[in-house]
>>> print(open('target_9.pdb').read())   # PDB, C-alpha atoms, pLDDT in the B column
ATOM      1  CA  MET A   1      -2.157  10.029 -31.286  1.00 83.00           C
ATOM      2  CA  ALA A   2      -0.671  12.818 -33.398  1.00 86.00           C
ATOM      3  CA  SER A   3      -2.422  11.705 -36.582  1.00 90.00           C
ATOM      4  CA  LEU A   4      -5.821  11.681 -34.822  1.00 92.00           C
ATOM      5  CA  TYR A   5      -5.496  14.599 -32.440  1.00 92.00           C
ATOM      6  CA  ASP A   6      -6.808  17.390 -34.663  1.00 91.00           C
ATOM      7  CA  SER A   7      -9.842  15.320 -35.613  1.00 91.00           C
ATOM      8  CA  TYR A   8     -11.322  15.387 -32.128  1.00 91.00           C
ATOM      9  CA  VAL A   9      -9.632  18.307 -30.321  1.00 93.00           C
ATOM     10  CA  PHE A  10     -10.802  21.518 -31.921  1.00 87.00           C
ATOM     11  CA  THR A  11     -12.288  23.629 -29.135  1.00 92.00           C
ATOM     12  CA  ALA A  12     -11.550  27.336 -29.484  1.00 96.00           C
ATOM     13  CA  ASP A  13     -13.268  28.839 -26.443  1.00 96.00           C
ATOM     14  CA  ASP A  14      -9.954  29.688 -24.797  1.00 98.00           C
ATOM     15  CA  ILE A  15      -8.197  31.136 -27.864  1.00 98.00           C
ATOM     16  CA  PRO A  16      -9.236  34.811 -27.415  1.00 98.00           C
ATOM     17  CA  PHE A  17      -8.081  34.648 -23.783  1.00 98.00           C
ATOM     18  CA  PHE A  18      -4.599  33.370 -24.642  1.00 98.00           C
ATOM     19  CA  VAL A  19      -4.151  35.718 -27.601  1.00 98.00           C
ATOM     20  CA  GLN A  20      -5.124  38.708 -25.479  1.00 98.00           C
ATOM     21  CA  GLU A  21      -2.748  37.706 -22.670  1.00 98.00           C
ATOM     22  CA  ALA A  22       0.113  37.078 -25.095  1.00 98.00           C
ATOM     23  CA  GLU A  23      -0.342  40.434 -26.821  1.00 97.00           C
ATOM     24  CA  ALA A  24      -0.431  42.190 -23.448  1.00 97.00           C
ATOM     25  CA  ALA A  25       2.813  40.524 -22.336  1.00 97.00           C
ATOM     26  CA  LYS A  26       4.954  42.752 -24.579  1.00 87.00           C
ATOM     27  CA  GLY A  27       7.734  40.209 -24.809  1.00 95.00           C
ATOM     28  CA  PRO A  28       8.569  36.662 -25.867  1.00 98.00           C
ATOM     29  CA  VAL A  29       6.020  33.984 -24.984  1.00 98.00           C
ATOM     30  CA  LEU A  30       6.651  30.357 -24.017  1.00 98.00           C
ATOM     31  CA  GLU A  31       3.864  27.858 -24.735  1.00 98.00           C
ATOM     32  CA  LEU A  32       4.260  24.529 -22.938  1.00 98.00           C
ATOM     33  CA  MET A  33       2.815  21.174 -24.041  1.00 98.00           C
ATOM     34  CA  ALA A  34       1.931  22.874 -27.327  1.00 98.00           C
ATOM     35  CA  GLY A  35       0.903  19.664 -29.111  1.00 97.00           C
ATOM     36  CA  THR A  36      -0.153  20.128 -32.731  1.00 98.00           C
ATOM     37  CA  GLY A  37      -0.680  23.873 -32.324  1.00 97.00           C
ATOM     38  CA  ARG A  38      -4.329  24.391 -31.443  1.00 98.00           C
ATOM     39  CA  VAL A  39      -3.282  27.512 -29.492  1.00 98.00           C
ATOM     40  CA  SER A  40       0.092  28.092 -31.173  1.00 98.00           C
ATOM     41  CA  ILE A  41      -1.278  28.885 -34.628  1.00 98.00           C
ATOM     42  CA  PRO A  42      -3.604  31.694 -33.446  1.00 98.00           C
ATOM     43  CA  LEU A  43      -0.750  33.114 -31.355  1.00 98.00           C
ATOM     44  CA  ALA A  44       1.593  33.069 -34.356  1.00 98.00           C
ATOM     45  CA  GLU A  45      -1.118  34.659 -36.512  1.00 98.00           C
ATOM     46  CA  ALA A  46      -1.313  37.468 -33.948  1.00 98.00           C
ATOM     47  CA  GLY A  47       2.413  38.128 -34.399  1.00 97.00           C
ATOM     48  CA  VAL A  48       3.499  36.821 -30.994  1.00 98.00           C
ATOM     49  CA  ASP A  49       7.223  36.082 -30.513  1.00 97.00           C
ATOM     50  CA  LEU A  50       6.539  32.444 -29.681  1.00 98.00           C
ATOM     51  CA  THR A  51       8.437  29.373 -28.517  1.00 98.00           C
ATOM     52  CA  CYS A  52       6.476  26.092 -28.493  1.00 98.00           C
ATOM     53  CA  VAL A  53       7.647  23.184 -26.316  1.00 98.00           C
ATOM     54  CA  ASP A  54       6.359  19.620 -26.316  1.00 98.00           C
ATOM     55  CA  LEU A  55       7.785  16.193 -25.547  1.00 97.00           C
ATOM     56  CA  SER A  56       6.163  14.566 -28.600  1.00 97.00           C
ATOM     57  CA  GLY A  57       8.121  14.816 -31.846  1.00 97.00           C
ATOM     58  CA  PRO A  58       5.142  13.676 -33.980  1.00 97.00           C
ATOM     59  CA  MET A  59       2.879  16.320 -32.409  1.00 97.00           C
ATOM     60  CA  LEU A  60       5.457  19.029 -33.068  1.00 98.00           C
ATOM     61  CA  GLY A  61       5.892  17.729 -36.598  1.00 97.00           C
ATOM     62  CA  ARG A  62       2.250  18.498 -37.316  1.00 97.00           C
ATOM     63  CA  LEU A  63       2.630  21.908 -35.678  1.00 98.00           C
ATOM     64  CA  SER A  64       5.621  22.689 -37.897  1.00 98.00           C
ATOM     65  CA  GLU A  65       3.667  21.623 -40.994  1.00 97.00           C
ATOM     66  CA  LYS A  66       0.858  24.018 -40.064  1.00 97.00           C
ATOM     67  CA  LEU A  67       3.268  26.880 -39.480  1.00 98.00           C
ATOM     68  CA  THR A  68       4.887  26.319 -42.873  1.00 98.00           C
ATOM     69  CA  HIS A  69       1.550  25.896 -44.646  1.00 97.00           C
ATOM     70  CA  ASN A  70       0.267  29.189 -43.226  1.00 97.00           C
ATOM     71  CA  GLY A  71       3.486  31.146 -43.723  1.00 98.00           C
ATOM     72  CA  LEU A  72       3.955  31.599 -39.975  1.00 98.00           C
ATOM     73  CA  SER A  73       6.971  31.358 -37.705  1.00 97.00           C
ATOM     74  CA  ALA A  74       7.606  30.094 -34.175  1.00 98.00           C
ATOM     75  CA  ASN A  75      10.498  28.438 -32.399  1.00 98.00           C
ATOM     76  CA  VAL A  76       9.553  24.747 -32.015  1.00 98.00           C
ATOM     77  CA  VAL A  77      11.437  22.757 -29.350  1.00 98.00           C
ATOM     78  CA  GLU A  78      11.119  19.073 -28.448  1.00 98.00           C
ATOM     79  CA  ALA A  79      11.724  18.955 -24.700  1.00 98.00           C
ATOM     80  CA  ASP A  80      10.324  17.752 -21.400  1.00 98.00           C
ATOM     81  CA  VAL A  81       8.792  20.622 -19.444  1.00 98.00           C
ATOM     82  CA  CYS A  82      10.254  19.093 -16.256  1.00 97.00           C
ATOM     83  CA  GLY A  83      13.831  19.352 -17.525  1.00 96.00           C
ATOM     84  CA  MET A  84      13.836  21.861 -20.380  1.00 97.00           C
ATOM     85  CA  ASP A  85      16.907  24.049 -20.765  1.00 95.00           C
ATOM     86  CA  LEU A  86      16.155  26.634 -23.420  1.00 96.00           C
ATOM     87  CA  ASP A  87      18.691  29.156 -24.638  1.00 87.00           C
ATOM     88  CA  HIS A  88      16.334  31.994 -23.818  1.00 86.00           C
ATOM     89  CA  LEU A  89      15.705  32.581 -20.091  1.00 87.00           C
ATOM     90  CA  ASN A  90      13.871  35.885 -20.209  1.00 95.00           C
ATOM     91  CA  TYR A  91      10.299  35.111 -21.282  1.00 98.00           C
ATOM     92  CA  ALA A  92       7.637  37.665 -20.422  1.00 98.00           C
ATOM     93  CA  LEU A  93       4.869  35.058 -20.332  1.00 98.00           C
ATOM     94  CA  ALA A  94       4.623  31.277 -20.121  1.00 98.00           C
ATOM     95  CA  MET A  95       1.359  29.440 -20.652  1.00 98.00           C
ATOM     96  CA  LEU A  96       0.217  25.864 -20.251  1.00 98.00           C
ATOM     97  CA  PRO A  97      -3.189  25.552 -21.953  1.00 98.00           C
ATOM     98  CA  PHE A  98      -5.858  22.853 -22.067  1.00 97.00           C
ATOM     99  CA  GLN A  99      -5.455  21.651 -18.463  1.00 97.00           C
ATOM    100  CA  SER A 100      -2.339  19.727 -19.539  1.00 97.00           C
ATOM    101  CA  PHE A 101      -0.521  20.298 -16.245  1.00 98.00           C
ATOM    102  CA  ALA A 102      -2.495  17.288 -14.990  1.00 97.00           C
ATOM    103  CA  GLU A 103      -0.647  15.071 -17.497  1.00 96.00           C
ATOM    104  CA  LEU A 104       2.436  15.317 -15.288  1.00 96.00           C
ATOM    105  CA  PRO A 105       1.505  12.220 -13.311  1.00 92.00           C
ATOM    106  CA  ASP A 106       3.180  12.730  -9.946  1.00 93.00           C
ATOM    107  CA  PRO A 107       3.797  15.607  -7.518  1.00 96.00           C
ATOM    108  CA  ASP A 108       7.571  15.622  -8.046  1.00 97.00           C
ATOM    109  CA  ALA A 109       7.141  16.078 -11.800  1.00 97.00           C
ATOM    110  CA  GLN A 110       4.670  18.884 -11.238  1.00 98.00           C
ATOM    111  CA  ARG A 111       7.027  20.649  -8.838  1.00 98.00           C
ATOM    112  CA  GLN A 112       9.940  20.234 -11.259  1.00 98.00           C
ATOM    113  CA  ALA A 113       7.870  21.753 -14.051  1.00 98.00           C
ATOM    114  CA  LEU A 114       6.958  24.773 -11.939  1.00 98.00           C
ATOM    115  CA  ASN A 115      10.620  25.303 -11.042  1.00 98.00           C
ATOM    116  CA  GLN A 116      11.664  25.109 -14.692  1.00 98.00           C
ATOM    117  CA  VAL A 117       8.995  27.570 -15.787  1.00 98.00           C
ATOM    118  CA  ALA A 118      10.057  30.042 -13.093  1.00 98.00           C
ATOM    119  CA  ARG A 119      13.695  29.701 -14.197  1.00 97.00           C
ATOM    120  CA  HIS A 120      12.801  30.635 -17.776  1.00 98.00           C
ATOM    121  CA  LEU A 121      10.755  33.738 -16.881  1.00 97.00           C
ATOM    122  CA  LYS A 122      12.139  37.213 -16.413  1.00 96.00           C
ATOM    123  CA  PRO A 123      11.529  38.803 -12.974  1.00 95.00           C
ATOM    124  CA  GLY A 124       7.889  39.814 -12.914  1.00 96.00           C
ATOM    125  CA  GLY A 125       7.123  37.461 -15.800  1.00 98.00           C
ATOM    126  CA  ARG A 126       3.782  35.693 -15.695  1.00 98.00           C
ATOM    127  CA  PHE A 127       2.663  32.092 -15.957  1.00 98.00           C
ATOM    128  CA  ILE A 128      -0.862  30.986 -16.911  1.00 98.00           C
ATOM    129  CA  CYS A 129      -1.461  27.425 -15.734  1.00 98.00           C
ATOM    130  CA  THR A 130      -4.837  25.858 -16.488  1.00 98.00           C
ATOM    131  CA  HIS A 131      -6.414  23.039 -14.503  1.00 98.00           C
ATOM    132  CA  HIS A 132      -9.565  21.027 -14.237  1.00 97.00           C
ATOM    133  CA  ASN A 133     -11.427  21.891 -11.052  1.00 98.00           C
ATOM    134  CA  ALA A 134     -10.579  18.734  -9.118  1.00 97.00           C
ATOM    135  CA  ALA A 135     -13.573  19.169  -6.819  1.00 96.00           C
ATOM    136  CA  LEU A 136     -15.917  18.733  -9.817  1.00 96.00           C
ATOM    137  CA  ARG A 137     -13.758  16.492 -12.003  1.00 95.00           C
ATOM    138  CA  ALA A 138     -13.021  13.754  -9.467  1.00 95.00           C
ATOM    139  CA  PRO A 139     -16.652  12.726  -8.745  1.00 93.00           C
ATOM    140  CA  ALA A 140     -17.258  12.246 -12.493  1.00 93.00           C
ATOM    141  CA  ILE A 141     -14.603   9.487 -12.700  1.00 96.00           C
ATOM    142  CA  ASP A 142     -16.748   6.342 -12.580  1.00 96.00           C
ATOM    143  CA  GLY A 143     -14.776   3.537 -14.268  1.00 97.00           C
ATOM    144  CA  ILE A 144     -17.400   3.181 -17.018  1.00 98.00           C
ATOM    145  CA  LEU A 145     -16.682   3.278 -20.771  1.00 97.00           C
ATOM    146  CA  HIS A 146     -18.412   6.349 -22.230  1.00 97.00           C
ATOM    147  CA  LEU A 147     -18.881   7.426 -25.844  1.00 97.00           C
ATOM    148  CA  ARG A 148     -17.443  10.953 -25.984  1.00 96.00           C
ATOM    149  CA  GLY A 149     -18.388  11.768 -29.553  1.00 96.00           C
ATOM    150  CA  GLU A 150     -18.213  11.034 -33.266  1.00 97.00           C
ATOM    151  CA  PHE A 151     -15.890  13.092 -35.464  1.00 96.00           C
ATOM    152  CA  PRO A 152     -14.868  13.192 -39.129  1.00 96.00           C
ATOM    153  CA  GLU A 153     -11.277  12.047 -39.521  1.00 95.00           C
ATOM    154  CA  ASN A 154      -9.048  14.761 -40.970  1.00 91.00           C
ATOM    155  CA  GLY A 155      -7.816  13.938 -44.449  1.00 88.00           C
ATOM    156  CA  SER A 156     -10.212  11.050 -45.083  1.00 93.00           C
ATOM    157  CA  ASP A 157     -13.888  10.217 -45.419  1.00 95.00           C
ATOM    158  CA  ARG A 158     -13.845   8.053 -42.289  1.00 97.00           C
ATOM    159  CA  THR A 159     -15.630   8.718 -39.009  1.00 97.00           C
ATOM    160  CA  ILE A 160     -14.027   8.366 -35.585  1.00 97.00           C
ATOM    161  CA  LYS A 161     -15.857   7.250 -32.474  1.00 97.00           C
ATOM    162  CA  LEU A 162     -14.045   8.128 -29.248  1.00 97.00           C
ATOM    163  CA  TRP A 163     -14.704   6.142 -26.080  1.00 98.00           C
ATOM    164  CA  THR A 164     -13.077   6.838 -22.712  1.00 97.00           C
ATOM    165  CA  CYS A 165     -12.941   5.024 -19.394  1.00 98.00           C
ATOM    166  CA  GLU A 166     -11.389   6.741 -16.382  1.00 98.00           C
ATOM    167  CA  LYS A 167     -10.496   5.046 -13.106  1.00 97.00           C
ATOM    168  CA  ARG A 168      -8.886   6.040  -9.828  1.00 95.00           C
ATOM    169  CA  GLU A 169      -8.465   4.478  -6.439  1.00 91.00           C
ATOM    170  CA  GLU A 170     -10.487   5.939  -3.585  1.00 88.00           C
ATOM    171  CA  GLY A 171      -8.711   8.990  -2.197  1.00 88.00           C
ATOM    172  CA  SER A 172      -6.075   9.008  -4.935  1.00 92.00           C
ATOM    173  CA  ALA A 173      -5.420  11.997  -7.199  1.00 94.00           C
ATOM    174  CA  LEU A 174      -3.972   9.755  -9.943  1.00 96.00           C
ATOM    175  CA  VAL A 175      -6.350   8.875 -12.775  1.00 97.00           C
ATOM    176  CA  THR A 176      -5.844   6.171 -15.414  1.00 97.00           C
ATOM    177  CA  ALA A 177      -7.742   6.980 -18.595  1.00 97.00           C
ATOM    178  CA  LEU A 178      -8.262   4.495 -21.432  1.00 98.00           C
ATOM    179  CA  GLN A 179      -9.023   6.094 -24.793  1.00 97.00           C
ATOM    180  CA  VAL A 180     -10.473   3.896 -27.538  1.00 98.00           C
ATOM    181  CA  PHE A 181     -10.679   5.185 -31.105  1.00 97.00           C
ATOM    182  CA  GLU A 182     -12.850   3.305 -33.603  1.00 98.00           C
ATOM    183  CA  MET A 183     -12.554   4.265 -37.270  1.00 97.00           C
ATOM    184  CA  PHE A 184     -15.491   3.616 -39.610  1.00 98.00           C
ATOM    185  CA  SER A 185     -15.578   3.845 -43.399  1.00 97.00           C
ATOM    186  CA  SER A 186     -18.137   6.017 -45.179  1.00 95.00           C
ATOM    187  CA  ASP A 187     -20.401   2.987 -45.605  1.00 95.00           C
ATOM    188  CA  GLY A 188     -20.314   2.243 -41.864  1.00 94.00           C
ATOM    189  CA  ASN A 189     -17.783  -0.601 -41.761  1.00 97.00           C
ATOM    190  CA  ARG A 190     -15.473  -0.664 -38.736  1.00 97.00           C
ATOM    191  CA  GLU A 191     -11.947  -0.605 -40.204  1.00 97.00           C
ATOM    192  CA  GLU A 192      -9.579   0.098 -37.330  1.00 96.00           C
ATOM    193  CA  GLU A 193      -9.271   0.473 -33.564  1.00 97.00           C
ATOM    194  CA  ARG A 194      -6.563   2.205 -31.576  1.00 96.00           C
ATOM    195  CA  ARG A 195      -6.195   2.200 -27.795  1.00 97.00           C
ATOM    196  CA  PHE A 196      -4.160   4.550 -25.643  1.00 96.00           C
ATOM    197  CA  GLU A 197      -3.711   4.732 -21.894  1.00 96.00           C
ATOM    198  CA  VAL A 198      -3.103   8.145 -20.390  1.00 93.00           C
ATOM    199  CA  ASN A 199      -2.310   8.900 -16.749  1.00 96.00           C
ATOM    200  CA  TYR A 200      -3.044  12.250 -15.224  1.00 97.00           C
ATOM    201  CA  ARG A 201      -3.105  13.755 -11.745  1.00 97.00           C
ATOM    202  CA  LEU A 202      -5.755  16.087 -10.433  1.00 95.00           C
ATOM    203  CA  VAL A 203      -4.491  18.867  -8.175  1.00 97.00           C
ATOM    204  CA  GLU A 204      -6.605  20.559  -5.529  1.00 96.00           C
ATOM    205  CA  VAL A 205      -6.545  24.341  -5.344  1.00 97.00           C
ATOM    206  CA  ASP A 206      -4.767  24.579  -1.983  1.00 98.00           C
ATOM    207  CA  GLU A 207      -2.109  22.065  -3.031  1.00 98.00           C
ATOM    208  CA  PHE A 208      -1.307  23.905  -6.242  1.00 98.00           C
ATOM    209  CA  ARG A 209      -1.125  27.255  -4.486  1.00 98.00           C
ATOM    210  CA  GLN A 210       1.511  25.829  -2.127  1.00 98.00           C
ATOM    211  CA  MET A 211       3.462  24.258  -4.997  1.00 98.00           C
ATOM    212  CA  ALA A 212       3.444  27.490  -6.996  1.00 98.00           C
ATOM    213  CA  GLU A 213       4.555  29.621  -4.064  1.00 98.00           C
ATOM    214  CA  ALA A 214       7.358  27.155  -3.258  1.00 98.00           C
ATOM    215  CA  ALA A 215       8.605  27.558  -6.853  1.00 98.00           C
ATOM    216  CA  GLY A 216       8.802  31.336  -6.443  1.00 98.00           C
ATOM    217  CA  PHE A 217       5.452  32.417  -7.857  1.00 98.00           C
ATOM    218  CA  ARG A 218       2.946  34.879  -6.492  1.00 98.00           C
ATOM    219  CA  VAL A 219      -0.738  34.267  -7.219  1.00 98.00           C
ATOM    220  CA  ILE A 220      -2.188  37.216  -9.143  1.00 98.00           C
ATOM    221  CA  ASP A 221      -5.627  35.766  -9.812  1.00 98.00           C
ATOM    222  CA  LEU A 222      -7.609  32.561 -10.081  1.00 98.00           C
ATOM    223  CA  TYR A 223     -10.318  32.455 -12.740  1.00 98.00           C
ATOM    224  CA  GLY A 224     -13.091  29.930 -13.118  1.00 98.00           C
ATOM    225  CA  ASP A 225     -13.564  30.437 -16.858  1.00 98.00           C
ATOM    226  CA  TYR A 226     -11.953  32.012 -19.917  1.00 98.00           C
ATOM    227  CA  GLN A 227     -14.103  35.119 -19.567  1.00 98.00           C
ATOM    228  CA  ARG A 228     -12.146  35.870 -16.352  1.00 98.00           C
ATOM    229  CA  GLY A 229     -15.031  35.028 -14.058  1.00 98.00           C
ATOM    230  CA  PRO A 230     -14.237  34.203 -10.415  1.00 98.00           C
ATOM    231  CA  PHE A 231     -13.376  30.658  -9.392  1.00 98.00           C
ATOM    232  CA  TRP A 232     -16.053  28.846  -7.376  1.00 98.00           C
ATOM    233  CA  THR A 233     -15.147  25.465  -5.910  1.00 97.00           C
ATOM    234  CA  GLU A 234     -18.625  24.004  -6.331  1.00 96.00           C
ATOM    235  CA  GLU A 235     -19.372  25.467  -9.770  1.00 97.00           C
ATOM    236  CA  SER A 236     -16.311  26.262 -11.896  1.00 98.00           C
ATOM    237  CA  ILE A 237     -15.223  23.708 -14.498  1.00 96.00           C
ATOM    238  CA  TYR A 238     -11.717  25.165 -14.688  1.00 98.00           C
ATOM    239  CA  ALA A 239      -9.142  26.635 -12.345  1.00 98.00           C
ATOM    240  CA  ILE A 240      -7.099  29.118 -14.394  1.00 98.00           C
ATOM    241  CA  TRP A 241      -4.111  30.309 -12.400  1.00 98.00           C
ATOM    242  CA  MET A 242      -2.501  33.672 -13.123  1.00 98.00           C
ATOM    243  CA  LEU A 243       0.943  33.593 -11.514  1.00 98.00           C
ATOM    244  CA  GLU A 244       3.835  36.039 -11.377  1.00 98.00           C
ATOM    245  CA  ARG A 245       7.482  35.241 -10.803  1.00 97.00           C
ATOM    246  CA  SER A 246       8.244  37.056  -7.580  1.00 88.00           C
TER     247      SER A 246
END
>>> encode(input="target_9.pdb", output="structure tokens")
Amino acid sequence: MASLYDSYVFTADDIPFFVQEAEAAKGPVLELMAGTGRVSIPLAEAGVDLTCVDLSGPMLGRLSEKLTHNGLSANVVEADVCGMDLDHLNYALAMLPFQSFAELPDPDAQRQALNQVARHLKPGGRFICTHHNAALRAPAIDGILHLRGEFPENGSDRTIKLWTCEKREEGSALVTALQVFEMFSSDGNREEERRFEVNYRLVEVDEFRQMAEAAGFRVIDLYGDYQRGPFWTEESIYAIWMLERS
């Protein structure tokens, strides 16, 4: 997906939030599941002392290309957030943007990730962990193939159509998502199709609070949006956790 990712993931609504938090941290920042650098590049542009971790070498390759192209610097590490062992264990802030915590597909993996993040933070260091609001997200999973949008493909004159179909068993937090990418030439001919299956796990608010506290975190705040509005179970799209290593 690395070659397609930047063509259809370009939201920037959360960027000012993460830049502001990173600048306020006054210390090195750890970005987890950094991908191709949607958040990393603005952080590096702001002069943040940044380490970017992701399991995907191709994704990090594109991030490194962007850093070089823009004359920026960051420490780029290919590692699994559940088992990372970085040289530096004194980060002031860790962040996991874009609701990617859900992509750890089972509770054990999620608990391992929380433990590893806590281990890499200095005492009093903070962790921003972003989630979908499971109470709103789960009812929208209907097993139907939906067209999510049409996007120009980066570096070509082709157009991408993205379709998704999400399924889950009744009462299960595990979601199986099929992503179908159709590529069309400038004259409308369908030239290529790529399919990916992604598993993710929705986490309810009470469950995550217990997991975070068991890993040694204290809950500082829970926002419902990137303007720091309060979280409302029946209304908020996101659950943005502000945690502190106790």
>>> atom_distance(input="target_9.pdb", atom1="CA of Arg168 (chain A)", atom2="CA of Met211 (chain A)")
22.5 Å
>>> atom_distance(input="target_9.pdb", atom1="CA of Cys82 (chain A)", atom2="CA of Ile15 (chain A)")
24.9 Å
>>> residues_around(input="target_9.pdb", residues="Gly188 (chain A)", least_positions_apart="3", cutoff="12 Å", atoms="only C-alpha atoms", output="list in words")
Asp157, Arg158, Thr159, Ile160, Lys161, Glu182, Met183, Phe184, Ser185, Glu191 and Glu192 of chain A
>>> atom_distance(input="target_9.pdb", atom1="CA of Ala214 (chain A)", atom2="CA of Asp87 (chain A)")
24.3 Å
>>> residues_around(input="target_9.pdb", residues="Trp232 (chain A)", least_positions_apart="6", cutoff="12 Å", atoms="all atoms listed in the file", output="list in words")
Asn133, Ala134, Ala135, Leu136, Val205, Leu222, Tyr223, Gly224, Asp225, Tyr238, Ala239 and Ile240 of chain A
>>> write_last_selection(input="target_9.pdb", atoms="C-alpha atoms", output="short mmCIF file (atom, residue, chain, number, x, y, z; two decimals), keeping the file's coordinate frame")
data_model
loop_
_atom_site.label_atom_id
_atom_site.label_comp_id
_atom_site.auth_asym_id
_atom_site.auth_seq_id
_atom_site.Cartn_x
_atom_site.Cartn_y
_atom_site.Cartn_z
CA ASN A 133 -11.43 21.89 -11.05
CA ALA A 134 -10.58 18.73 -9.12
CA ALA A 135 -13.57 19.17 -6.82
CA LEU A 136 -15.92 18.73 -9.82
CA VAL A 205 -6.54 24.34 -5.34
CA LEU A 222 -7.61 32.56 -10.08
CA TYR A 223 -10.32 32.46 -12.74
CA GLY A 224 -13.09 29.93 -13.12
CA ASP A 225 -13.56 30.44 -16.86
CA TYR A 238 -11.72 25.16 -14.69
CA ALA A 239 -9.14 26.64 -12.34
CA ILE A 240 -7.10 29.12 -14.39
#
>>> closest_residue(input="target_9.pdb", among="A:Arg148, A:Arg201, A:Lys167, A:Arg126", to="Asp221 (chain A)", atoms="all atoms listed in the file")
A:Arg126
>>> closest_residue(input="target_9.pdb", among="A:Gly27, A:Phe10, A:Glu166, A:Ser246", to="Pro152 (chain A)", atoms="all atoms listed in the file")
A:Phe10
>>> residues_around(input="target_9.pdb", residues="Thr130 (chain A)", least_positions_apart="3", cutoff="7 Å", atoms="only C-alpha atoms", output="PyMOL selection string")
chain A and resi 96-99+239-241
>>> resolve_selection(input="target_9.pdb", expression="the PyMOL selection byres ((chain A and resi 174-178) around 8)", output="list of chain:residue names")
A:Pro105, A:Asp106, A:Thr164, A:Cys165, A:Glu166, A:Lys167, A:Arg168, A:Glu169, A:Ser172, A:Ala173, A:Gln179, A:Val180, A:Arg195, A:Phe196, A:Glu197, A:Val198, A:Asn199, A:Tyr200, A:Arg201, A:Leu202
>>> closest_residue(input="target_9.pdb", among="A:Thr233, A:Ala2, A:Phe127, A:Thr36", to="Glu65 (chain A)", atoms="all atoms listed in the file")
A:Thr36
>>> residues_near_point(input="target_9.pdb", point="(6.4, 21.6, -28.3)", cutoff="6 Å", atoms="all atoms listed in the file", output="VMD selection string")
chain A and resid 33 to 35 52 to 54 60 76 to 78
>>> build_atoms(input="target_9.pdb", residues="region 25-29 of chain A", atoms="all heavy atoms", output="PDB file, keeping the file's coordinate frame")
ATOM      1  N   ALA A  25       1.552  40.844 -23.006  1.00 97.00           N
ATOM      2  CA  ALA A  25       2.813  40.524 -22.336  1.00 97.00           C
ATOM      3  C   ALA A  25       3.964  41.403 -22.799  1.00 97.00           C
ATOM      4  O   ALA A  25       4.923  41.630 -22.068  1.00 97.00           O
ATOM      5  CB  ALA A  25       3.157  39.052 -22.566  1.00 97.00           C
ATOM      6  N   LYS A  26       3.905  41.876 -24.035  1.00 87.00           N
ATOM      7  CA  LYS A  26       4.954  42.752 -24.579  1.00 87.00           C
ATOM      8  C   LYS A  26       6.344  42.139 -24.427  1.00 87.00           C
ATOM      9  O   LYS A  26       7.283  42.779 -23.921  1.00 87.00           O
ATOM     10  CB  LYS A  26       4.894  44.127 -23.923  1.00 87.00           C
ATOM     11  CG  LYS A  26       3.613  44.898 -24.249  1.00 87.00           C
ATOM     12  CD  LYS A  26       3.618  46.282 -23.629  1.00 87.00           C
ATOM     13  CE  LYS A  26       2.435  47.106 -24.105  1.00 87.00           C
ATOM     14  NZ  LYS A  26       1.128  46.482 -23.872  1.00 87.00           N
ATOM     15  N   GLY A  27       6.458  40.905 -24.868  1.00 95.00           N
ATOM     16  CA  GLY A  27       7.734  40.209 -24.809  1.00 95.00           C
ATOM     17  C   GLY A  27       7.554  38.793 -25.305  1.00 95.00           C
ATOM     18  O   GLY A  27       6.451  38.373 -25.653  1.00 95.00           O
ATOM     19  N   PRO A  28       8.641  38.032 -25.360  1.00 98.00           N
ATOM     20  CA  PRO A  28       8.569  36.662 -25.867  1.00 98.00           C
ATOM     21  C   PRO A  28       7.688  35.777 -24.984  1.00 98.00           C
ATOM     22  O   PRO A  28       7.646  35.933 -23.766  1.00 98.00           O
ATOM     23  CB  PRO A  28      10.022  36.189 -25.865  1.00 98.00           C
ATOM     24  CG  PRO A  28      10.719  37.109 -24.924  1.00 98.00           C
ATOM     25  CD  PRO A  28      10.013  38.414 -24.978  1.00 98.00           C
ATOM     26  N   VAL A  29       6.994  34.849 -25.641  1.00 98.00           N
ATOM     27  CA  VAL A  29       6.020  33.984 -24.984  1.00 98.00           C
ATOM     28  C   VAL A  29       6.445  32.533 -25.132  1.00 98.00           C
ATOM     29  O   VAL A  29       6.869  32.099 -26.215  1.00 98.00           O
ATOM     30  CB  VAL A  29       4.613  34.197 -25.573  1.00 98.00           C
ATOM     31  CG1 VAL A  29       3.611  33.195 -24.994  1.00 98.00           C
ATOM     32  CG2 VAL A  29       4.141  35.626 -25.323  1.00 98.00           C
TER      33      VAL A  29
END
